[in-house]
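J.: Below is the file final_10.txt, which contains compact mmCIF, C-alpha atoms and all ligand atoms.
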```txt
# COMPACT_ATOMS: atom_id res chain seq x y z
CA MET W 121 -62.49 -237.33 66.21
CA SER W 122 -59.10 -238.43 64.90
CA ALA W 123 -58.22 -242.03 64.17
CA ARG W 124 -56.51 -244.03 66.91
CA ILE W 125 -53.70 -246.38 66.01
CA VAL W 126 -51.41 -248.58 68.10
CA VAL W 127 -48.01 -249.74 66.83
CA VAL W 128 -46.32 -252.71 68.50
CA GLY W 129 -42.79 -252.88 67.18
CA SER W 130 -39.20 -251.78 66.91
CA LEU W 131 -37.27 -248.60 67.57
CA ASN W 132 -33.76 -248.34 66.09
CA MET W 133 -31.16 -245.65 65.77
CA ASP W 134 -30.18 -245.67 62.09
CA LEU W 135 -26.51 -245.05 61.23
CA VAL W 136 -26.81 -244.03 57.58
CA VAL W 137 -23.88 -243.81 55.19
CA ARG W 138 -24.28 -242.19 51.78
CA THR W 139 -22.11 -244.06 49.34
CA PRO W 140 -21.74 -244.04 45.53
CA ARG W 141 -22.71 -247.70 45.47
CA ILE W 142 -23.35 -250.60 47.86
CA PRO W 143 -20.02 -252.46 48.35
CA SER W 144 -19.64 -256.12 47.39
CA PRO W 145 -18.62 -258.69 50.04
CA GLY W 146 -14.92 -258.27 50.89
CA GLU W 147 -14.74 -254.82 49.29
CA THR W 148 -13.83 -251.52 50.99
CA ILE W 149 -15.10 -248.26 49.51
CA ILE W 150 -15.10 -244.65 50.73
CA GLY W 151 -18.49 -243.34 51.79
CA ARG W 152 -19.57 -239.69 51.86
CA GLU W 153 -21.45 -238.67 55.00
CA LEU W 154 -22.65 -240.41 58.14
CA HIS W 155 -26.06 -239.50 59.57
CA THR W 156 -27.57 -240.63 62.86
CA VAL W 157 -31.31 -240.79 62.29
CA PRO W 158 -34.31 -242.14 64.29
CA GLY W 159 -35.65 -245.29 62.65
CA GLY W 160 -36.95 -248.79 63.27
CA LYS W 161 -39.91 -250.11 61.32
CA GLY W 162 -42.30 -249.82 64.26
CA ALA W 163 -41.32 -246.30 65.25
CA ASN W 164 -41.26 -245.19 61.61
CA GLN W 165 -44.82 -246.42 61.11
CA ALA W 166 -45.89 -244.73 64.35
CA VAL W 167 -44.40 -241.38 63.30
CA ALA W 168 -45.79 -241.77 59.78
CA ALA W 169 -49.32 -242.24 61.14
CA ALA W 170 -48.98 -239.40 63.65
CA ARG W 171 -47.79 -236.95 60.97
CA LEU W 172 -50.85 -237.90 58.93
CA GLY W 173 -53.12 -236.88 61.78
CA ALA W 174 -53.78 -240.03 63.84
CA GLU W 175 -53.52 -240.37 67.62
CA VAL W 176 -50.76 -242.96 67.90
CA SER W 177 -49.46 -245.06 70.79
CA MET W 178 -46.24 -247.03 70.48
CA VAL W 179 -45.44 -250.26 72.36
CA GLY W 180 -41.77 -251.25 72.36
CA ARG W 181 -38.44 -251.33 74.17
CA VAL W 182 -35.26 -249.28 74.00
CA GLY W 183 -32.08 -249.57 76.06
CA ARG W 184 -31.12 -247.19 78.84
CA ASP W 185 -28.26 -245.79 76.74
CA ALA W 186 -27.22 -242.93 74.48
CA PHE W 187 -29.69 -243.86 71.70
CA GLY W 188 -32.79 -244.74 73.73
CA GLY W 189 -33.55 -241.25 75.09
CA PRO W 190 -33.29 -239.47 71.71
CA LEU W 191 -35.60 -242.05 70.11
CA LEU W 192 -38.24 -241.44 72.78
CA ALA W 193 -37.78 -237.68 72.46
CA ASN W 194 -38.33 -237.92 68.72
CA LEU W 195 -41.55 -239.88 69.24
CA ALA W 196 -42.73 -237.22 71.66
CA ALA W 197 -41.78 -234.43 69.25
CA ASN W 198 -44.02 -236.10 66.67
CA GLY W 199 -46.93 -236.44 69.08
CA VAL W 200 -46.60 -240.23 69.52
CA ASP W 201 -47.61 -241.52 72.97
CA HIS W 202 -44.60 -243.52 74.17
CA ALA W 203 -45.88 -244.33 77.66
CA TRP W 204 -45.79 -248.00 76.57
CA VAL W 205 -42.14 -247.97 75.45
CA GLN W 206 -39.99 -249.34 78.25
CA GLU W 207 -36.38 -248.41 78.90
CA ASP W 208 -34.75 -251.81 79.39
CA PRO W 209 -31.70 -251.64 81.70
CA ASP W 210 -30.34 -254.97 80.43
CA ALA W 211 -30.20 -254.44 76.67
CA ALA W 212 -28.88 -251.95 74.15
CA THR W 213 -31.15 -249.86 71.97
CA GLY W 214 -31.66 -251.35 68.50
CA VAL W 215 -29.32 -250.05 65.81
CA ALA W 216 -29.57 -250.28 62.01
CA LEU W 217 -26.52 -249.92 59.79
CA ILE W 218 -27.76 -248.51 56.48
CA GLU W 219 -25.93 -247.83 53.22
CA VAL W 220 -27.73 -245.61 50.70
CA ASP W 221 -26.39 -245.44 47.14
CA ASP W 222 -26.70 -242.68 44.55
CA ALA W 223 -29.87 -244.22 43.12
CA GLY W 224 -31.51 -244.05 46.57
CA ARG W 225 -31.36 -247.82 47.07
CA ASN W 226 -30.32 -249.16 50.44
CA SER W 227 -28.99 -252.18 52.24
CA ILE W 228 -29.77 -252.56 55.95
CA VAL W 229 -28.43 -254.69 58.79
CA VAL W 230 -30.33 -254.45 62.08
CA VAL W 231 -28.87 -255.26 65.50
CA SER W 232 -32.12 -255.74 67.40
CA GLY W 233 -31.01 -255.30 71.03
CA ALA W 234 -33.93 -254.37 73.28
CA ASN W 235 -36.48 -254.85 70.48
CA MET W 236 -36.12 -258.61 70.77
CA ARG W 237 -37.00 -258.44 74.49
CA LEU W 238 -40.52 -257.12 73.89
CA THR W 239 -42.88 -259.56 75.61
CA PRO W 240 -46.56 -260.50 75.39
CA ALA W 241 -46.88 -259.01 78.90
CA ASP W 242 -45.63 -255.65 77.52
CA VAL W 243 -48.48 -255.78 75.01
CA ASP W 244 -51.03 -256.68 77.68
CA ALA W 245 -49.86 -253.72 79.76
CA ALA W 246 -50.77 -251.45 76.85
CA GLN W 247 -54.44 -252.51 76.81
CA PRO W 248 -55.57 -248.99 77.81
CA ALA W 249 -54.03 -247.77 74.54
CA LEU W 250 -55.51 -250.61 72.53
CA ALA W 251 -59.03 -250.03 73.86
CA GLY W 252 -60.80 -247.86 71.29
CA ALA W 253 -58.07 -248.05 68.63
CA GLN W 254 -59.22 -248.68 65.08
CA ALA W 255 -55.95 -250.11 63.72
CA LEU W 256 -53.01 -252.10 65.09
CA LEU W 257 -49.75 -252.05 63.10
CA LEU W 258 -47.27 -254.92 63.52
CA GLN W 259 -43.93 -255.82 61.90
CA LEU W 260 -41.37 -258.60 62.48
CA GLU W 261 -38.52 -256.75 64.20
CA SER W 262 -39.96 -258.01 67.52
CA PRO W 263 -40.21 -261.60 68.84
CA LEU W 264 -42.70 -263.64 66.82
CA GLU W 265 -44.40 -264.78 70.04
CA THR W 266 -45.10 -261.13 70.92
CA VAL W 267 -46.32 -260.28 67.42
CA LEU W 268 -48.68 -263.26 67.51
CA HIS W 269 -49.97 -262.30 70.96
CA ALA W 270 -50.59 -258.70 69.83
CA ALA W 271 -52.38 -259.83 66.67
CA GLN W 272 -54.65 -262.21 68.59
CA LEU W 273 -55.40 -259.54 71.21
CA GLY W 274 -56.14 -257.01 68.46
CA ARG W 275 -58.50 -259.50 66.81
CA ARG W 276 -60.32 -260.12 70.15
CA LEU W 277 -60.68 -256.37 70.67
CA GLY W 278 -62.11 -255.88 67.17
CA ILE W 279 -59.18 -253.76 65.93
CA ALA W 280 -58.05 -254.00 62.29
CA VAL W 281 -54.74 -255.90 62.47
CA ILE W 282 -52.24 -254.87 59.79
CA LEU W 283 -49.07 -256.99 59.57
CA ASN W 284 -46.03 -255.76 57.64
CA PRO W 285 -44.00 -259.03 57.57
CA ALA W 286 -40.61 -257.29 57.55
CA PRO W 287 -37.92 -258.48 57.77
CA ALA W 288 -39.32 -261.53 56.01
CA ARG W 289 -39.61 -264.91 57.69
CA PRO W 290 -42.04 -267.82 57.41
CA LEU W 291 -45.34 -267.04 59.14
CA PRO W 292 -47.26 -269.56 61.27
CA PRO W 293 -50.90 -270.18 60.27
CA GLU W 294 -52.16 -268.93 63.65
CA LEU W 295 -50.62 -265.51 62.94
CA LEU W 296 -52.12 -265.32 59.45
CA ALA W 297 -55.49 -266.26 61.01
CA ALA W 298 -55.37 -263.17 63.24
CA VAL W 299 -54.41 -260.69 60.51
CA ASP W 300 -56.85 -258.51 58.55
CA VAL W 301 -54.33 -256.97 56.15
CA LEU W 302 -50.99 -258.58 55.22
CA ALA W 303 -48.66 -256.03 53.61
CA PRO W 304 -45.30 -257.35 52.36
CA ASN W 305 -42.94 -255.82 49.80
CA GLU W 306 -41.60 -257.70 46.77
CA SER W 307 -38.75 -259.56 48.50
CA GLU W 308 -40.93 -260.43 51.51
CA THR W 309 -43.63 -261.71 49.13
CA ALA W 310 -41.04 -263.85 47.35
CA LEU W 311 -39.90 -265.38 50.64
CA LEU W 312 -43.45 -265.98 51.87
CA THR W 313 -44.66 -267.58 48.64
CA GLY W 314 -41.52 -269.13 47.15
CA ARG W 315 -42.32 -267.27 43.89
CA SER W 316 -40.28 -264.55 42.21
CA VAL W 317 -42.09 -261.23 41.89
CA ASP W 318 -40.56 -259.77 38.72
CA THR W 319 -43.67 -258.63 36.90
CA LEU W 320 -47.12 -257.36 37.84
CA ALA W 321 -48.52 -260.72 36.73
CA ASP W 322 -46.10 -262.46 39.14
CA ALA W 323 -47.21 -260.09 41.91
CA GLU W 324 -50.86 -260.86 41.24
CA GLU W 325 -50.22 -264.61 41.39
CA ALA W 326 -48.22 -264.27 44.58
CA ALA W 327 -50.96 -262.13 46.16
CA ARG W 328 -53.54 -264.79 45.30
CA ALA W 329 -51.29 -267.44 46.89
CA LEU W 330 -51.26 -265.38 50.10
CA LEU W 331 -55.07 -265.00 49.98
CA ASP W 332 -55.26 -268.78 49.73
CA ARG W 333 -53.53 -268.96 53.12
CA GLY W 334 -56.57 -267.33 54.69
CA VAL W 335 -55.72 -263.62 54.91
CA PRO W 336 -58.75 -261.59 53.78
CA THR W 337 -56.76 -258.66 52.33
CA VAL W 338 -53.27 -258.68 50.84
CA VAL W 339 -51.48 -255.43 49.99
CA LEU W 340 -48.22 -255.72 48.06
CA THR W 341 -45.90 -252.73 47.94
CA LEU W 342 -43.99 -252.79 44.66
CA GLY W 343 -41.63 -249.81 44.86
CA GLU W 344 -41.66 -247.71 41.69
CA ARG W 345 -44.44 -249.96 40.30
CA GLY W 346 -46.84 -248.83 43.04
CA SER W 347 -48.94 -251.31 44.99
CA LEU W 348 -51.40 -254.12 44.55
CA LEU W 349 -54.62 -254.74 46.51
CA ALA W 350 -55.84 -258.33 46.49
CA ARG W 351 -59.12 -259.58 47.95
CA ARG W 352 -61.34 -262.58 47.14
CA GLU W 353 -63.40 -260.35 44.84
CA GLY W 354 -60.40 -259.32 42.75
CA VAL W 355 -56.98 -257.69 42.40
CA GLN W 356 -56.37 -253.99 41.70
CA HIS W 357 -53.13 -252.23 40.79
CA PHE W 358 -52.40 -248.71 42.05
CA PRO W 359 -49.57 -247.02 40.10
CA ALA W 360 -46.89 -245.13 42.01
CA PHE W 361 -46.75 -241.33 42.10
CA PRO W 362 -43.75 -240.29 39.98
CA VAL W 363 -40.91 -238.86 42.11
CA THR W 364 -37.12 -238.70 41.94
CA PRO W 365 -35.91 -240.83 44.84
CA VAL W 366 -33.11 -239.70 47.14
CA ASP W 367 -33.44 -242.51 49.68
CA THR W 368 -36.04 -245.26 49.69
CA THR W 369 -35.50 -246.09 53.40
CA ALA W 370 -38.84 -246.12 55.25
CA ALA W 371 -40.91 -245.68 52.07
CA GLY W 372 -42.69 -248.90 53.00
CA ASP W 373 -43.21 -247.62 56.55
CA ALA W 374 -44.68 -244.39 55.18
CA PHE W 375 -47.01 -246.47 52.98
CA LEU W 376 -48.15 -248.48 56.02
CA GLY W 377 -48.76 -245.29 57.99
CA GLY W 378 -50.84 -243.82 55.17
CA LEU W 379 -52.81 -247.02 54.66
CA ALA W 380 -53.51 -247.40 58.39
CA VAL W 381 -54.62 -243.79 58.91
CA ALA W 382 -56.98 -243.86 55.95
CA LEU W 383 -58.50 -247.18 57.08
CA ALA W 384 -58.77 -245.99 60.69
CA GLU W 385 -60.62 -242.91 59.42
CA GLY W 386 -63.14 -245.24 57.77
CA ARG W 387 -62.02 -244.57 54.17
CA PRO W 388 -62.45 -247.36 51.58
CA LEU W 389 -59.49 -249.65 50.91
CA GLU W 390 -58.99 -248.19 47.42
CA GLU W 391 -58.55 -244.71 48.89
CA ALA W 392 -56.27 -246.10 51.62
CA MET W 393 -54.04 -247.59 48.89
CA ARG W 394 -53.68 -244.15 47.28
CA TRP W 395 -52.86 -242.61 50.67
CA GLY W 396 -50.19 -245.27 51.14
CA ASN W 397 -48.73 -244.70 47.68
CA ALA W 398 -48.64 -240.92 48.21
CA ALA W 399 -46.97 -241.16 51.63
CA GLY W 400 -44.48 -243.75 50.34
CA ALA W 401 -43.54 -241.67 47.29
CA LEU W 402 -42.99 -238.51 49.34
CA ALA W 403 -40.81 -240.40 51.84
CA THR W 404 -38.35 -241.33 49.09
CA THR W 405 -37.62 -237.68 48.31
CA ARG W 406 -35.71 -237.05 51.56
CA LEU W 407 -32.80 -238.77 53.28
CA GLY W 408 -33.34 -240.91 56.38
CA ALA W 409 -36.24 -242.78 57.95
CA GLN W 410 -38.29 -240.58 60.29
CA PRO W 411 -37.09 -237.20 58.90
CA SER W 412 -38.43 -238.23 55.49
CA LEU W 413 -42.00 -239.02 56.56
CA PRO W 414 -44.54 -236.60 55.06
CA ASP W 415 -47.26 -234.68 56.90
CA ARG W 416 -50.97 -234.78 56.10
CA ALA W 417 -50.92 -231.56 54.07
CA ALA W 418 -48.22 -232.92 51.74
CA VAL W 419 -50.07 -236.20 51.20
CA LEU W 420 -53.40 -234.46 50.56
CA ALA W 421 -51.69 -232.06 48.12
CA LEU W 422 -50.15 -234.93 46.15
CA LEU W 423 -53.48 -236.78 46.09
CA ALA W 424 -55.27 -233.62 44.90
CA SER W 425 -52.70 -232.90 42.18
CA ALA W 426 -53.07 -236.46 40.86
CA ALA W 427 -56.86 -236.15 40.89
CA GLU W 428 -56.64 -232.97 38.77
CA ALA W 429 -54.17 -234.43 36.26
O1 LIG L 501 -37.92 -249.77 57.18
C1 LIG L 501 -36.77 -249.01 57.42
C2 LIG L 501 -36.21 -249.33 58.76
O2 LIG L 501 -35.72 -250.66 58.75
C3 LIG L 501 -35.03 -248.49 59.18
O3 LIG L 501 -35.42 -247.29 59.81
C4 LIG L 501 -34.21 -249.43 60.04
O4 LIG L 501 -34.16 -249.06 61.38
C5 LIG L 501 -34.85 -250.81 59.84
O5 LIG L 501 -35.61 -251.17 60.93
```
Go ahead and express the file in the form of structure tokens.
Ligand code: RIB
T.:
Amino acid sequence: MSARIVVVGSLNMDLVVRTPRIPSPGETIIGRELHTVPGGKGANQAVAAARLGAEVSMVGRVGRDAFGGPLLANLAANGVDHAWVQEDPDAATGVALIEVDDAGRNSIVVVSGANMRLTPADVDAAQPALAGAQALLLQLESPLETVLHAAQLGRRLGIAVILNPAPARPLPPELLAAVDVLAPNESETALLTGRSVDTLADAEEAARALLDRGVPTVVLTLGERGSLLARREGVQHFPAFPVTPVDTTAAGDAFLGGLAVALAEGRPLEEAMRWGNAAGALATTRLGAQPSLPDRAAVLALLASAAEA
């Protein structure tokens, strides 16, 4: 039986410009190409998990406009159940404006639109999907009240609650109390802890500071430095798989998808970290958010090649 995962979160249409470099404030530069690509942290994590073999349901909102339908169609094409994604007649579909430079780095501005109208009642309506799920994935591109409600419901239902606190913002203690795995990246960790995360030693200290706030498991994604798993019993570093990045957009979402699928399949956390690293690395080798997310065969092949090396 395959793993069952629910994602409560955002759907955006990404308008992606390839550019030699990210412009400074006040500067105009000429970009290369414009791509219109399905994205949004929630939908990316849903598609990532589905491509890795999980049964995935998505809870969210899009507008009844030119971007909403294609985003739902893309979820369906990837086997994600979108019965719980409403088409909101009073809001526009979320849009992300993304610049990607020649080193594959990005800068992103999100216009949330319908995503910020997702309500606790929308989550309650999706209880049939939540019943029997092993993992619940949450991010912060939805109202905090809704994220908190989903986390507390997931906790009551005995589902592993995984929170990717992106984009970063201070987190209330009642949310941290309902989370099983907190998974920020470096900049989110810096905001949450007030510490810079320049070295692995910094990352370890920051992870311990997050554990001290009551979360049982902290997973830090560290880009080309891999990821860090922190629990009361200790901290472990998992080096990244070496790849040449084209676009790092959604690498973190791919990591979350890999981590969630492996955990939902009952694999140990250490193995789930390697699944996350493999999915994240592969996602950087292609342009765009959802088009870059790897399938299960690609992740298993990368894991096997690393095991042989
Ligand atoms: O994590 C990447 C995502 O962040 C993009 O797809 C964009 O939509 C923003 O939500």
J.: Hey, what's within 10 Å of Glu175 in chain W if we count only C-alpha atoms and toss same-chain stuff fewer than 6 positions away? As a list in words, please?
T.: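 After dropping sequence-adjacent residues, the list is Met121, Ser122, Ala123, Arg124, Ile125, Val126, Ala166, Ala169, Gly199, Val200, Asp201, Ala253 and Val381 of chain W.
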J.: Take the residues from that selection and write them out as a compact mmCIF listing (two decimals), in the coordinates of the input, keeping C-alpha atoms.
T.:
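The resulting part-v6.txt:
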```txt
# COMPACT_ATOMS: atom_id res chain seq x y z
CA MET W 121 -62.49 -237.33 66.21
CA SER W 122 -59.10 -238.43 64.90
CA ALA W 123 -58.22 -242.03 64.17
CA ARG W 124 -56.51 -244.03 66.91
CA ILE W 125 -53.70 -246.38 66.01
CA VAL W 126 -51.41 -248.58 68.10
CA ALA W 166 -45.89 -244.73 64.35
CA ALA W 169 -49.32 -242.24 61.14
CA GLY W 199 -46.93 -236.44 69.08
CA VAL W 200 -46.60 -240.23 69.52
CA ASP W 201 -47.61 -241.52 72.97
CA ALA W 253 -58.07 -248.05 68.63
CA VAL W 381 -54.62 -243.79 58.91
```
J.: Which residues form the shell of 9 Å around ligand LIG 501 (chain L) when you count all atoms listed in the file, given as a PyMOL selection string?
T.: chain W and resi 130-135+157-165+214-218+228-230+232+261+286-287+368-374+408-410
J.: Between CA of Leu296 in chain W and CA of Asp242 in chain W, what is the distance, to one decimal in Å?
T.: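 Distance reported for this atom pair: 21.5 Å.
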J.: CA of Gly180 in chain W and CA of Gln272 in chain W are how many Å apart?
T.: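 According to the coordinates, CA of Gly180 in chain W and CA of Gln272 in chain W are separated by 17.3 Å.
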J.: Hey, can you check how far CA of Met178 in chain W sits from CA of Val267 in chain W?
T.: 13.6 Å
J.: Quick one: everything within 12 Å of Leu349 in chain W, counting all atoms listed in the file, minus sequence neighbours fewer than 2 positions away in the same chain. Send it as a ChimeraX atom specification.
T.: /W:301-304,320,323-328,330-331,336-342,346-347,351-359,379,388-394,396-397
J.: Choose the residue, out of W:Ala426, W:Ile149, W:Met236, W:Ala310, that has the smallest atom-to-atom separation from Glu219 in chain W; count all atoms listed in the file.
T.: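 Among W:Ala426, W:Ile149, W:Met236, W:Ala310, it is W:Ile149 that comes nearest to Glu219 in chain W.
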J.: May I ask which of the residues W:Val179, W:Leu172, W:Leu250, W:Val281 is the closest one to Val335 in chain W, counting all atoms listed in the file?
T.: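 Nearest to Val335 in chain W: W:Val281.
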J.: Adding 3 Å on each side of the box along x, y and z that holds all listed atoms of range 413-423 of chain W, could you give its centre and edge lengths in Å to one decimal, as AutoDock Vina command-line options?
T.:
```
--center_x -47.7 --center_y -235.3 --center_z 51.5 --size_x 17.5 --size_y 13.5 --size_z 16.8
```
J.: Env of Leu154 in chain W: 8 Å cut, atoms = only C-alpha atoms, seq-sep filter 6 positions within chain, self excluded. Answer as a list of chain:residue names.
T.: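 Contacts, with the query itself left out: W:Leu135, W:Val136, W:Val137, W:Arg138.
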J.: Pull range 373-397 of chain W out of the block and emit N, CA, C and O atoms, as a tab-separated table (two decimals), in the first residue's frame.
T.:
```tsv
chain	number	residue	atom	x	y	z
W	373	ASP	N	11.38	22.29	-1.78
W	373	ASP	CA	10.08	21.59	-1.88
W	373	ASP	C	10.31	20.12	-2.25
W	373	ASP	O	9.63	19.22	-1.73
W	374	ALA	N	11.26	19.89	-3.17
W	374	ALA	CA	11.58	18.50	-3.54
W	374	ALA	C	12.10	17.75	-2.33
W	374	ALA	O	11.74	16.59	-2.09
W	375	PHE	N	12.97	18.41	-1.55
W	375	PHE	CA	13.50	17.79	-0.32
W	375	PHE	C	12.34	17.38	0.58
W	375	PHE	O	12.28	16.25	1.08
W	376	LEU	N	11.41	18.32	0.81
W	376	LEU	CA	10.28	18.04	1.71
W	376	LEU	C	9.44	16.87	1.19
W	376	LEU	O	9.00	16.02	1.97
W	377	GLY	N	9.23	16.84	-0.13
W	377	GLY	CA	8.48	15.73	-0.71
W	377	GLY	C	9.18	14.40	-0.45
W	377	GLY	O	8.56	13.41	-0.05
W	378	GLY	N	10.49	14.38	-0.68
W	378	GLY	CA	11.26	13.14	-0.47
W	378	GLY	C	11.24	12.71	0.99
W	378	GLY	O	11.03	11.54	1.31
W	379	LEU	N	11.45	13.68	1.87
W	379	LEU	CA	11.45	13.39	3.31
W	379	LEU	C	10.09	12.82	3.73
W	379	LEU	O	10.00	11.79	4.43
W	380	ALA	N	9.02	13.48	3.28
W	380	ALA	CA	7.67	13.07	3.70
W	380	ALA	C	7.31	11.68	3.18
W	380	ALA	O	6.72	10.87	3.91
W	381	VAL	N	7.66	11.40	1.92
W	381	VAL	CA	7.31	10.09	1.36
W	381	VAL	C	8.06	8.99	2.11
W	381	VAL	O	7.48	7.97	2.51
W	382	ALA	N	9.35	9.20	2.35
W	382	ALA	CA	10.13	8.17	3.03
W	382	ALA	C	9.58	7.94	4.45
W	382	ALA	O	9.42	6.79	4.88
W	383	LEU	N	9.25	9.02	5.15
W	383	LEU	CA	8.69	8.86	6.50
W	383	LEU	C	7.33	8.17	6.45
W	383	LEU	O	7.05	7.28	7.26
W	384	ALA	N	6.50	8.58	5.49
W	384	ALA	CA	5.16	7.99	5.39
W	384	ALA	C	5.24	6.51	5.03
W	384	ALA	O	4.33	5.73	5.34
W	385	GLU	N	6.32	6.10	4.36
W	385	GLU	CA	6.52	4.68	4.05
W	385	GLU	C	7.12	3.92	5.22
W	385	GLU	O	7.41	2.73	5.11
W	386	GLY	N	7.36	4.62	6.33
W	386	GLY	CA	7.87	3.96	7.53
W	386	GLY	C	9.38	3.81	7.55
W	386	GLY	O	9.92	3.05	8.35
W	387	ARG	N	10.09	4.54	6.67
W	387	ARG	CA	11.56	4.45	6.66
W	387	ARG	C	12.12	5.26	7.82
W	387	ARG	O	11.52	6.25	8.26
W	388	PRO	N	13.33	4.90	8.30
W	388	PRO	CA	13.94	5.68	9.39
W	388	PRO	C	14.27	7.10	8.96
W	388	PRO	O	14.47	7.36	7.76
W	389	LEU	N	14.35	8.00	9.92
W	389	LEU	CA	14.63	9.41	9.61
W	389	LEU	C	15.93	9.60	8.82
W	389	LEU	O	16.00	10.44	7.92
W	390	GLU	N	16.94	8.80	9.15
W	390	GLU	CA	18.23	8.94	8.44
W	390	GLU	C	18.04	8.67	6.96
W	390	GLU	O	18.59	9.36	6.10
W	391	GLU	N	17.26	7.64	6.63
W	391	GLU	CA	17.01	7.31	5.23
W	391	GLU	C	16.15	8.40	4.58
W	391	GLU	O	16.37	8.79	3.43
W	392	ALA	N	15.19	8.92	5.35
W	392	ALA	CA	14.34	10.00	4.82
W	392	ALA	C	15.16	11.24	4.48
W	392	ALA	O	14.89	11.94	3.51
W	393	MET	N	16.21	11.50	5.27
W	393	MET	CA	17.08	12.65	4.98
W	393	MET	C	17.79	12.43	3.63
W	393	MET	O	17.92	13.37	2.83
W	394	ARG	N	18.24	11.21	3.39
W	394	ARG	CA	18.93	10.94	2.11
W	394	ARG	C	17.95	11.05	0.95
W	394	ARG	O	18.30	11.55	-0.12
W	395	TRP	N	16.72	10.59	1.13
W	395	TRP	CA	15.70	10.76	0.09
W	395	TRP	C	15.49	12.24	-0.19
W	395	TRP	O	15.40	12.67	-1.33
W	396	GLY	N	15.40	13.03	0.86
W	396	GLY	CA	15.22	14.47	0.69
W	396	GLY	C	16.39	15.08	-0.06
W	396	GLY	O	16.20	15.85	-1.02
W	397	ASN	N	17.60	14.75	0.36
W	397	ASN	CA	18.79	15.30	-0.32
W	397	ASN	C	18.80	14.91	-1.81
W	397	ASN	O	19.14	15.74	-2.67
```
